[in-house]
>>> print(open('query.cif').read())   # mmCIF, C-alpha atoms
data_run
loop_
_atom_site.group_PDB
_atom_site.id
_atom_site.type_symbol
_atom_site.label_atom_id
_atom_site.label_comp_id
_atom_site.auth_asym_id
_atom_site.auth_seq_id
_atom_site.Cartn_x
_atom_site.Cartn_y
_atom_site.Cartn_z
ATOM 1 C CA MET A 1 0.000 0.000 0.000
ATOM 2 C CA SER A 2 1.420 3.386 -0.954
ATOM 3 C CA SER A 3 1.382 6.353 1.342
ATOM 4 C CA PRO A 4 -0.943 9.197 0.443
ATOM 5 C CA SER A 5 0.555 12.063 -1.527
ATOM 6 C CA PRO A 6 1.181 15.289 0.345
ATOM 7 C CA PRO A 7 -1.661 17.805 0.073
ATOM 8 C CA ILE A 8 -1.275 20.525 -2.534
ATOM 9 C CA ALA A 9 -1.438 23.990 -1.039
ATOM 10 C CA ALA A 10 -4.823 25.466 -1.847
ATOM 11 C CA ALA A 11 -3.358 28.963 -2.077
ATOM 12 C CA ALA A 12 -1.013 27.843 -4.844
ATOM 13 C CA ALA A 13 -3.989 26.708 -6.911
ATOM 14 C CA GLU A 14 -5.884 29.936 -6.296
ATOM 15 C CA GLU A 15 -4.784 33.125 -8.025
ATOM 16 C CA ALA A 16 -4.402 36.086 -5.676
ATOM 17 C CA ARG A 17 -6.747 39.009 -6.288
ATOM 18 C CA ASP A 18 -6.376 42.719 -5.546
ATOM 19 C CA ILE A 19 -9.774 44.391 -5.800
ATOM 20 C CA PHE A 20 -10.367 48.151 -5.686
ATOM 21 C CA GLN A 21 -13.674 49.917 -6.004
ATOM 22 C CA LEU A 22 -14.600 53.571 -5.774
ATOM 23 C CA SER A 23 -18.334 54.091 -5.418
ATOM 24 C CA ARG A 24 -20.893 56.827 -4.885
ATOM 25 C CA HIS A 25 -23.251 54.251 -3.356
ATOM 26 C CA ARG A 26 -23.390 52.644 0.085
ATOM 27 C CA LEU A 27 -20.631 50.112 0.645
ATOM 28 C CA SER A 28 -21.420 46.476 1.325
ATOM 29 C CA VAL A 29 -19.362 44.719 3.988
ATOM 30 C CA ASP A 30 -20.751 41.396 2.701
ATOM 31 C CA ASN A 31 -19.418 42.104 -0.812
ATOM 32 C CA VAL A 32 -15.932 42.910 0.506
ATOM 33 C CA VAL A 33 -15.838 39.786 2.693
ATOM 34 C CA ALA A 34 -17.047 37.653 -0.237
ATOM 35 C CA ALA A 35 -14.329 39.158 -2.462
ATOM 36 C CA VAL A 36 -11.543 37.956 -0.144
ATOM 37 C CA ALA A 37 -13.029 34.652 1.030
ATOM 38 C CA SER A 38 -10.846 31.655 0.266
ATOM 39 C CA ALA A 39 -10.962 27.999 1.259
ATOM 40 C CA SER A 40 -7.179 28.167 1.767
ATOM 41 C CA CYS A 41 -7.456 30.880 4.418
ATOM 42 C CA GLY A 42 -8.300 30.630 8.071
ATOM 43 C CA ALA A 43 -8.566 34.389 8.528
ATOM 44 C CA ILE A 44 -10.314 37.347 6.993
ATOM 45 C CA SER A 45 -9.198 40.598 8.570
ATOM 46 C CA LEU A 46 -11.721 43.389 8.076
ATOM 47 C CA PHE A 47 -11.840 47.145 8.672
ATOM 48 C CA ILE A 48 -14.877 49.382 8.365
ATOM 49 C CA GLY A 49 -14.245 53.119 8.561
ATOM 50 C CA THR A 50 -17.387 55.095 9.292
ATOM 51 C CA THR A 51 -18.231 58.777 9.319
ATOM 52 C CA ARG A 52 -18.447 59.883 12.913
ATOM 53 C CA GLN A 53 -20.469 62.707 14.359
ATOM 54 C CA ASP A 54 -17.765 64.911 15.725
ATOM 55 C CA ARG A 55 -17.321 68.422 16.959
ATOM 56 C CA SER A 56 -14.697 70.377 15.108
ATOM 57 C CA ASP A 57 -13.707 74.016 14.892
ATOM 58 C CA GLY A 58 -16.474 74.380 12.309
ATOM 59 C CA GLY A 59 -19.176 72.822 14.510
ATOM 60 C CA LYS A 60 -21.035 69.528 14.587
ATOM 61 C CA VAL A 61 -20.168 67.234 11.648
ATOM 62 C CA ILE A 62 -23.201 65.897 9.755
ATOM 63 C CA GLY A 63 -21.311 64.174 6.948
ATOM 64 C CA LEU A 64 -18.246 64.006 4.748
ATOM 65 C CA GLU A 65 -17.786 64.748 1.072
ATOM 66 C CA TYR A 66 -15.078 62.638 -0.631
ATOM 67 C CA GLU A 67 -13.228 63.369 -3.872
ATOM 68 C CA ALA A 68 -10.463 61.374 -5.543
ATOM 69 C CA TYR A 69 -8.020 61.379 -8.409
ATOM 70 C CA GLU A 70 -9.405 58.024 -9.553
ATOM 71 C CA ALA A 71 -6.688 56.889 -11.977
ATOM 72 C CA MET A 72 -4.006 57.627 -9.417
ATOM 73 C CA VAL A 73 -6.004 55.905 -6.657
ATOM 74 C CA ARG A 74 -5.902 52.656 -8.632
ATOM 75 C CA SER A 75 -2.195 53.033 -9.360
ATOM 76 C CA GLU A 76 -1.286 53.800 -5.734
ATOM 77 C CA LEU A 77 -3.436 50.953 -4.399
ATOM 78 C CA ALA A 78 -1.841 48.493 -6.853
ATOM 79 C CA GLU A 79 1.610 49.599 -5.681
ATOM 80 C CA LEU A 80 0.538 49.326 -2.043
ATOM 81 C CA CYS A 81 -0.729 45.771 -2.616
ATOM 82 C CA GLN A 82 2.615 44.804 -4.186
ATOM 83 C CA ARG A 83 4.425 46.074 -1.077
ATOM 84 C CA LEU A 84 2.020 44.168 1.195
ATOM 85 C CA ARG A 85 2.511 40.944 -0.755
ATOM 86 C CA ALA A 86 6.300 41.351 -0.638
ATOM 87 C CA ARG A 87 6.185 41.716 3.147
ATOM 88 C CA TRP A 88 3.437 39.124 3.793
ATOM 89 C CA PRO A 89 3.697 36.574 0.947
ATOM 90 C CA ASP A 90 0.933 34.386 2.427
ATOM 91 C CA LEU A 91 -1.766 37.011 1.742
ATOM 92 C CA VAL A 92 -4.303 35.617 -0.673
ATOM 93 C CA HIS A 93 -6.795 38.385 -1.515
ATOM 94 C CA ILE A 94 -6.889 42.114 -0.796
ATOM 95 C CA CYS A 95 -9.989 44.266 -1.258
ATOM 96 C CA VAL A 96 -10.603 47.998 -0.716
ATOM 97 C CA HIS A 97 -13.934 49.705 -1.381
ATOM 98 C CA HIS A 98 -13.999 53.482 -0.807
ATOM 99 C CA ARG A 99 -16.917 55.890 -1.009
ATOM 100 C CA LEU A 100 -16.867 59.069 -3.041
ATOM 101 C CA GLY A 101 -19.348 61.904 -2.764
ATOM 102 C CA TRP A 102 -21.618 62.426 0.232
ATOM 103 C CA VAL A 103 -21.280 60.063 3.223
ATOM 104 C CA ALA A 104 -23.633 60.719 6.134
ATOM 105 C CA VAL A 105 -22.757 60.150 9.773
ATOM 106 C CA GLY A 106 -22.855 56.426 10.588
ATOM 107 C CA GLU A 107 -22.269 55.250 7.011
ATOM 108 C CA ALA A 108 -19.119 53.451 5.883
ATOM 109 C CA SER A 109 -16.513 55.547 4.066
ATOM 110 C CA VAL A 110 -14.093 52.670 3.509
ATOM 111 C CA VAL A 111 -14.294 48.889 3.824
ATOM 112 C CA ALA A 112 -11.061 46.936 3.490
ATOM 113 C CA ALA A 113 -10.261 43.255 3.990
ATOM 114 C CA VAL A 114 -7.448 40.776 3.457
ATOM 115 C CA SER A 115 -7.468 37.001 3.581
ATOM 116 C CA SER A 116 -4.567 34.958 4.877
ATOM 117 C CA PRO A 117 -3.916 31.459 6.206
ATOM 118 C CA HIS A 118 -3.450 32.825 9.744
ATOM 119 C CA ARG A 119 -4.777 35.900 11.529
ATOM 120 C CA ARG A 120 -1.557 37.584 12.649
ATOM 121 C CA GLN A 121 -0.151 38.319 9.181
ATOM 122 C CA GLY A 122 -3.599 39.352 7.958
ATOM 123 C CA GLN A 123 -4.090 41.791 10.819
ATOM 124 C CA GLN A 124 -0.610 43.248 10.359
ATOM 125 C CA ALA A 125 -1.091 43.569 6.611
ATOM 126 C CA LEU A 126 -4.494 45.216 7.072
ATOM 127 C CA ALA A 127 -3.067 47.802 9.484
ATOM 128 C CA ASN A 128 -0.277 48.511 6.984
ATOM 129 C CA LEU A 129 -2.821 48.745 4.148
ATOM 130 C CA LEU A 130 -4.835 51.358 6.030
ATOM 131 C CA ASP A 131 -1.742 53.389 6.943
ATOM 132 C CA GLY A 132 -0.654 53.322 3.287
ATOM 133 C CA LEU A 133 -4.137 54.275 2.132
ATOM 134 C CA LYS A 134 -4.143 57.352 4.389
ATOM 135 C CA ALA A 135 -0.566 58.342 3.523
ATOM 136 C CA ASN A 136 -0.374 57.793 -0.247
ATOM 137 C CA VAL A 137 -3.750 57.390 -1.916
ATOM 138 C CA PRO A 138 -5.240 60.641 -3.320
ATOM 139 C CA VAL A 139 -8.667 60.672 -1.681
ATOM 140 C CA TRP A 140 -9.708 63.932 -0.037
ATOM 141 C CA LYS A 141 -12.449 64.592 2.479
ATOM 142 C CA LYS A 142 -14.397 67.667 3.388
ATOM 143 C CA GLU A 143 -16.215 67.843 6.718
ATOM 144 C CA VAL A 144 -19.686 69.325 6.417
ATOM 145 C CA TYR A 145 -21.226 70.958 9.498
ATOM 146 C CA GLU A 146 -24.818 71.383 10.607
ATOM 147 C CA ASP A 147 -24.731 75.066 9.612
ATOM 148 C CA ARG A 148 -23.723 73.836 6.089
ATOM 149 C CA GLY A 149 -20.241 75.296 6.421
ATOM 150 C CA SER A 150 -17.401 72.978 5.468
ATOM 151 C CA SER A 151 -13.694 72.375 5.877
ATOM 152 C CA TRP A 152 -11.258 70.258 3.829
ATOM 153 C CA LYS A 153 -9.251 67.961 6.094
ATOM 154 C CA GLU A 154 -5.736 66.618 5.579
ATOM 155 C CA ASN A 155 -4.648 63.239 6.864
ATOM 156 C CA ALA A 156 -1.773 63.660 9.298
ATOM 157 C CA GLU A 157 -0.126 60.728 7.469
ATOM 158 C CA CYS A 158 -0.536 62.321 4.040
ATOM 159 C CA ALA A 159 2.738 62.205 2.087
ATOM 160 C CA TRP A 160 1.925 65.076 -0.283
ATOM 161 C CA ALA A 161 0.494 67.511 2.289
ATOM 162 C CA SER A 162 2.259 70.848 2.142
ATOM 163 C CA CYS A 163 1.180 71.818 5.614
ATOM 164 C CA HIS A 164 -0.700 70.335 8.524
ATOM 165 C CA GLY A 165 -4.167 71.331 9.632
ATOM 166 C CA SER A 166 -7.319 72.043 7.725
ATOM 167 C CA HIS A 167 -8.401 74.460 5.062
ATOM 168 C CA THR A 168 -11.744 76.127 5.654
ATOM 169 C CA ALA A 169 -14.109 76.568 2.752
ATOM 170 C CA SER A 170 -15.983 79.839 2.683
ATOM 171 C CA THR A 171 -19.065 78.645 0.833
ATOM 172 C CA PRO A 172 -21.843 76.554 2.346
ATOM 173 C CA VAL A 173 -22.495 73.051 1.021
ATOM 174 C CA ASP A 174 -25.961 72.034 -0.165
ATOM 175 C CA GLN A 175 -26.445 68.494 1.230
#
>>> encode(input="query.cif", output="structure tokens")
Amino acid sequence: MSSPSPPIAAAAAEEARDIFQLSRHRLSVDNVVAAVASASCGAISLFIGTTRQDRSDGGKVIGLEYEAYEAMVRSELAELCQRLRARWPDLVHICVHHRLGWVAVGEASVVAAVSSPHRRQGQQALANLLDGLKANVPVWKKEVYEDRGSSWKENAECAWASCHGSHTASTPVDQ
């Protein structure tokens, strides 16, 4: 009787996917989780960034308005995924969905997930993904206040920011 052959790694048979989506519609956590699900992985690490009701210099935040340089977003995210895969070669799938346009308080602005055989590398990679997203991906947000005033906000991590702080818009926003 011959001994059974060693199992073939499922990840080797499955092609890794990097999925990016910019949308003006509500984000679906289920769609992001489904995009990274893999039978070869024991972990899906997930992040949901939501718009919070906050008090700022401009007043009470009622929502955010997002804009992006879409072609560059895709390029920067592809580069970021390459760096993640070089550092954590066991990652199987990476998915980032980001809202554009109006995002009310309580709604998701970004949903990101990675799948990996084990949780630790997935959690580390996800944290690195989010840091890279904030620092290098050209997506801008404007806080909108209950008096309809607004203020563009810079990410403290932003690599291209010329100065720190916010820039106040002088015209009210109709949302």
>>> residues_near_point(input="query.cif", point="(-13.3, 47.8, -1.1)", cutoff="8 Å", atoms="all atoms listed in the file", output="NGL selection string")
:A and (19-22 or 27 or 32 or 95-98 or 110-113)
>>> residues_around(input="query.cif", residues="Tyr145 of chain A", least_positions_apart="5", cutoff="7 Å", atoms="only C-alpha atoms", output="list in words")
Gly58, Gly59, Lys60, Val61, Ile62 and Ser150 of chain A
>>> axis_aligned_box(input="query.cif", around="segment 139-154 of chain A", padding_each_side="6 Å", output="AutoDock Vina command-line options")
--center_x -15.3 --center_y 68.0 --center_z 4.5 --size_x 31.1 --size_y 26.6 --size_z 24.3
>>> resolve_selection(input="query.cif", expression="the PyMOL selection byres ((chain A and resi 140) around 8)", output="list in words")
Tyr66, Glu67, Ala68, Pro138, Val139, Lys141, Lys142, Trp152, Lys153 and Glu154 of chain A
>>> resolve_selection(input="query.cif", expression="the PyMOL selection byres ((chain A and resi 46) around 8)", output="PyMOL selection string")
chain A and resi 33+44-45+47-48+111-114+126
>>> residues_around(input="query.cif", residues="segment 102-108 of chain A", least_positions_apart="6", cutoff="6 Å", atoms="only C-alpha atoms", output="ChimeraX atom specification")
/A:49-53,62-65
>>> closest_residue(input="query.cif", among="A:Glu70, A:Arg99, A:Ala16, A:Ser40", to="Ser28 of chain A", atoms="all atoms listed in the file")
A:Arg99
>>> closest_residue(input="query.cif", among="A:Gly101, A:Ser115, A:Gly132, A:Ala78", to="Val36 of chain A", atoms="only C-alpha atoms")
A:Ser115
>>> atom_distance(input="query.cif", atom1="atom CA of Ala43 of chain A", atom2="atom CA of Arg24 of chain A")
28.9 Å
>>> closest_residue(input="query.cif", among="A:Glu76, A:Asp90, A:Asp131, A:Asp57", to="Glu143 of chain A", atoms="all atoms listed in the file")
A:Asp57
>>> atom_distance(input="query.cif", atom1="atom CA of Glu79 of chain A", atom2="atom CA of Asn136 of chain A")
10.0 Å
>>> atom_distance(input="query.cif", atom1="atom CA of Ala39 of chain A", atom2="atom CA of Ser109 of chain A")
28.2 Å
>>> residues_around(input="query.cif", residues="Arg87 of chain A", least_positions_apart="4", cutoff="10 Å", atoms="all atoms listed in the file", output="ChimeraX atom specification")
/A:81-83,91,121,125
>>> build_atoms(input="query.cif", residues="segment 35-53 of chain A", atoms="N, CA, C and O atoms", output="CSV table (one decimal), in the coordinates of the input")
chain,number,residue,atom,x,y,z
A,35,ALA,N,-15.4,39.0,-1.5
A,35,ALA,CA,-14.3,39.2,-2.5
A,35,ALA,C,-13.0,38.6,-2.0
A,35,ALA,O,-12.2,38.2,-2.8
A,36,VAL,N,-12.8,38.5,-0.7
A,36,VAL,CA,-11.5,38.0,-0.1
A,36,VAL,C,-11.6,36.5,0.4
A,36,VAL,O,-10.6,35.9,0.7
A,37,ALA,N,-12.9,36.0,0.5
A,37,ALA,CA,-13.0,34.7,1.0
A,37,ALA,C,-12.2,33.6,0.2
A,37,ALA,O,-12.2,33.7,-1.0
A,38,SER,N,-11.6,32.7,0.9
A,38,SER,CA,-10.8,31.7,0.3
A,38,SER,C,-10.8,30.4,1.1
A,38,SER,O,-10.6,30.5,2.4
A,39,ALA,N,-11.0,29.3,0.5
A,39,ALA,CA,-11.0,28.0,1.3
A,39,ALA,C,-9.6,27.7,1.8
A,39,ALA,O,-9.4,27.0,2.8
A,40,SER,N,-8.6,28.4,1.3
A,40,SER,CA,-7.2,28.2,1.8
A,40,SER,C,-6.8,29.1,2.9
A,40,SER,O,-5.7,29.0,3.5
A,41,CYS,N,-7.8,29.9,3.4
A,41,CYS,CA,-7.5,30.9,4.4
A,41,CYS,C,-8.3,30.6,5.7
A,41,CYS,O,-9.5,30.3,5.6
A,42,GLY,N,-7.6,30.8,6.8
A,42,GLY,CA,-8.3,30.6,8.1
A,42,GLY,C,-8.7,32.0,8.7
A,42,GLY,O,-9.2,32.0,9.8
A,43,ALA,N,-8.3,33.1,8.0
A,43,ALA,CA,-8.6,34.4,8.5
A,43,ALA,C,-9.0,35.4,7.4
A,43,ALA,O,-8.4,35.4,6.4
A,44,ILE,N,-10.0,36.2,7.8
A,44,ILE,CA,-10.3,37.3,7.0
A,44,ILE,C,-10.2,38.5,8.0
A,44,ILE,O,-11.0,38.5,9.0
A,45,SER,N,-9.3,39.4,7.7
A,45,SER,CA,-9.2,40.6,8.6
A,45,SER,C,-9.9,41.7,7.9
A,45,SER,O,-9.7,42.0,6.7
A,46,LEU,N,-10.8,42.4,8.6
A,46,LEU,CA,-11.7,43.4,8.1
A,46,LEU,C,-11.7,44.7,8.8
A,46,LEU,O,-11.5,44.7,10.1
A,47,PHE,N,-11.7,45.8,8.1
A,47,PHE,CA,-11.8,47.1,8.7
A,47,PHE,C,-13.0,47.9,8.0
A,47,PHE,O,-13.1,47.8,6.8
A,48,ILE,N,-13.8,48.5,8.8
A,48,ILE,CA,-14.9,49.4,8.4
A,48,ILE,C,-14.7,50.8,9.0
A,48,ILE,O,-14.7,50.9,10.2
A,49,GLY,N,-14.4,51.7,8.1
A,49,GLY,CA,-14.2,53.1,8.6
A,49,GLY,C,-15.5,53.9,8.3
A,49,GLY,O,-16.0,53.9,7.2
A,50,THR,N,-16.1,54.4,9.4
A,50,THR,CA,-17.4,55.1,9.3
A,50,THR,C,-17.2,56.6,9.6
A,50,THR,O,-16.3,57.0,10.2
A,51,THR,N,-18.2,57.3,9.1
A,51,THR,CA,-18.2,58.8,9.3
A,51,THR,C,-18.8,59.0,10.7
A,51,THR,O,-19.9,58.5,11.0
A,52,ARG,N,-18.0,59.7,11.5
A,52,ARG,CA,-18.4,59.9,12.9
A,52,ARG,C,-19.0,61.3,13.1
A,52,ARG,O,-18.5,62.2,12.5
A,53,GLN,N,-20.0,61.4,14.0
A,53,GLN,CA,-20.5,62.7,14.4
A,53,GLN,C,-19.5,63.3,15.3
A,53,GLN,O,-19.2,62.7,16.4
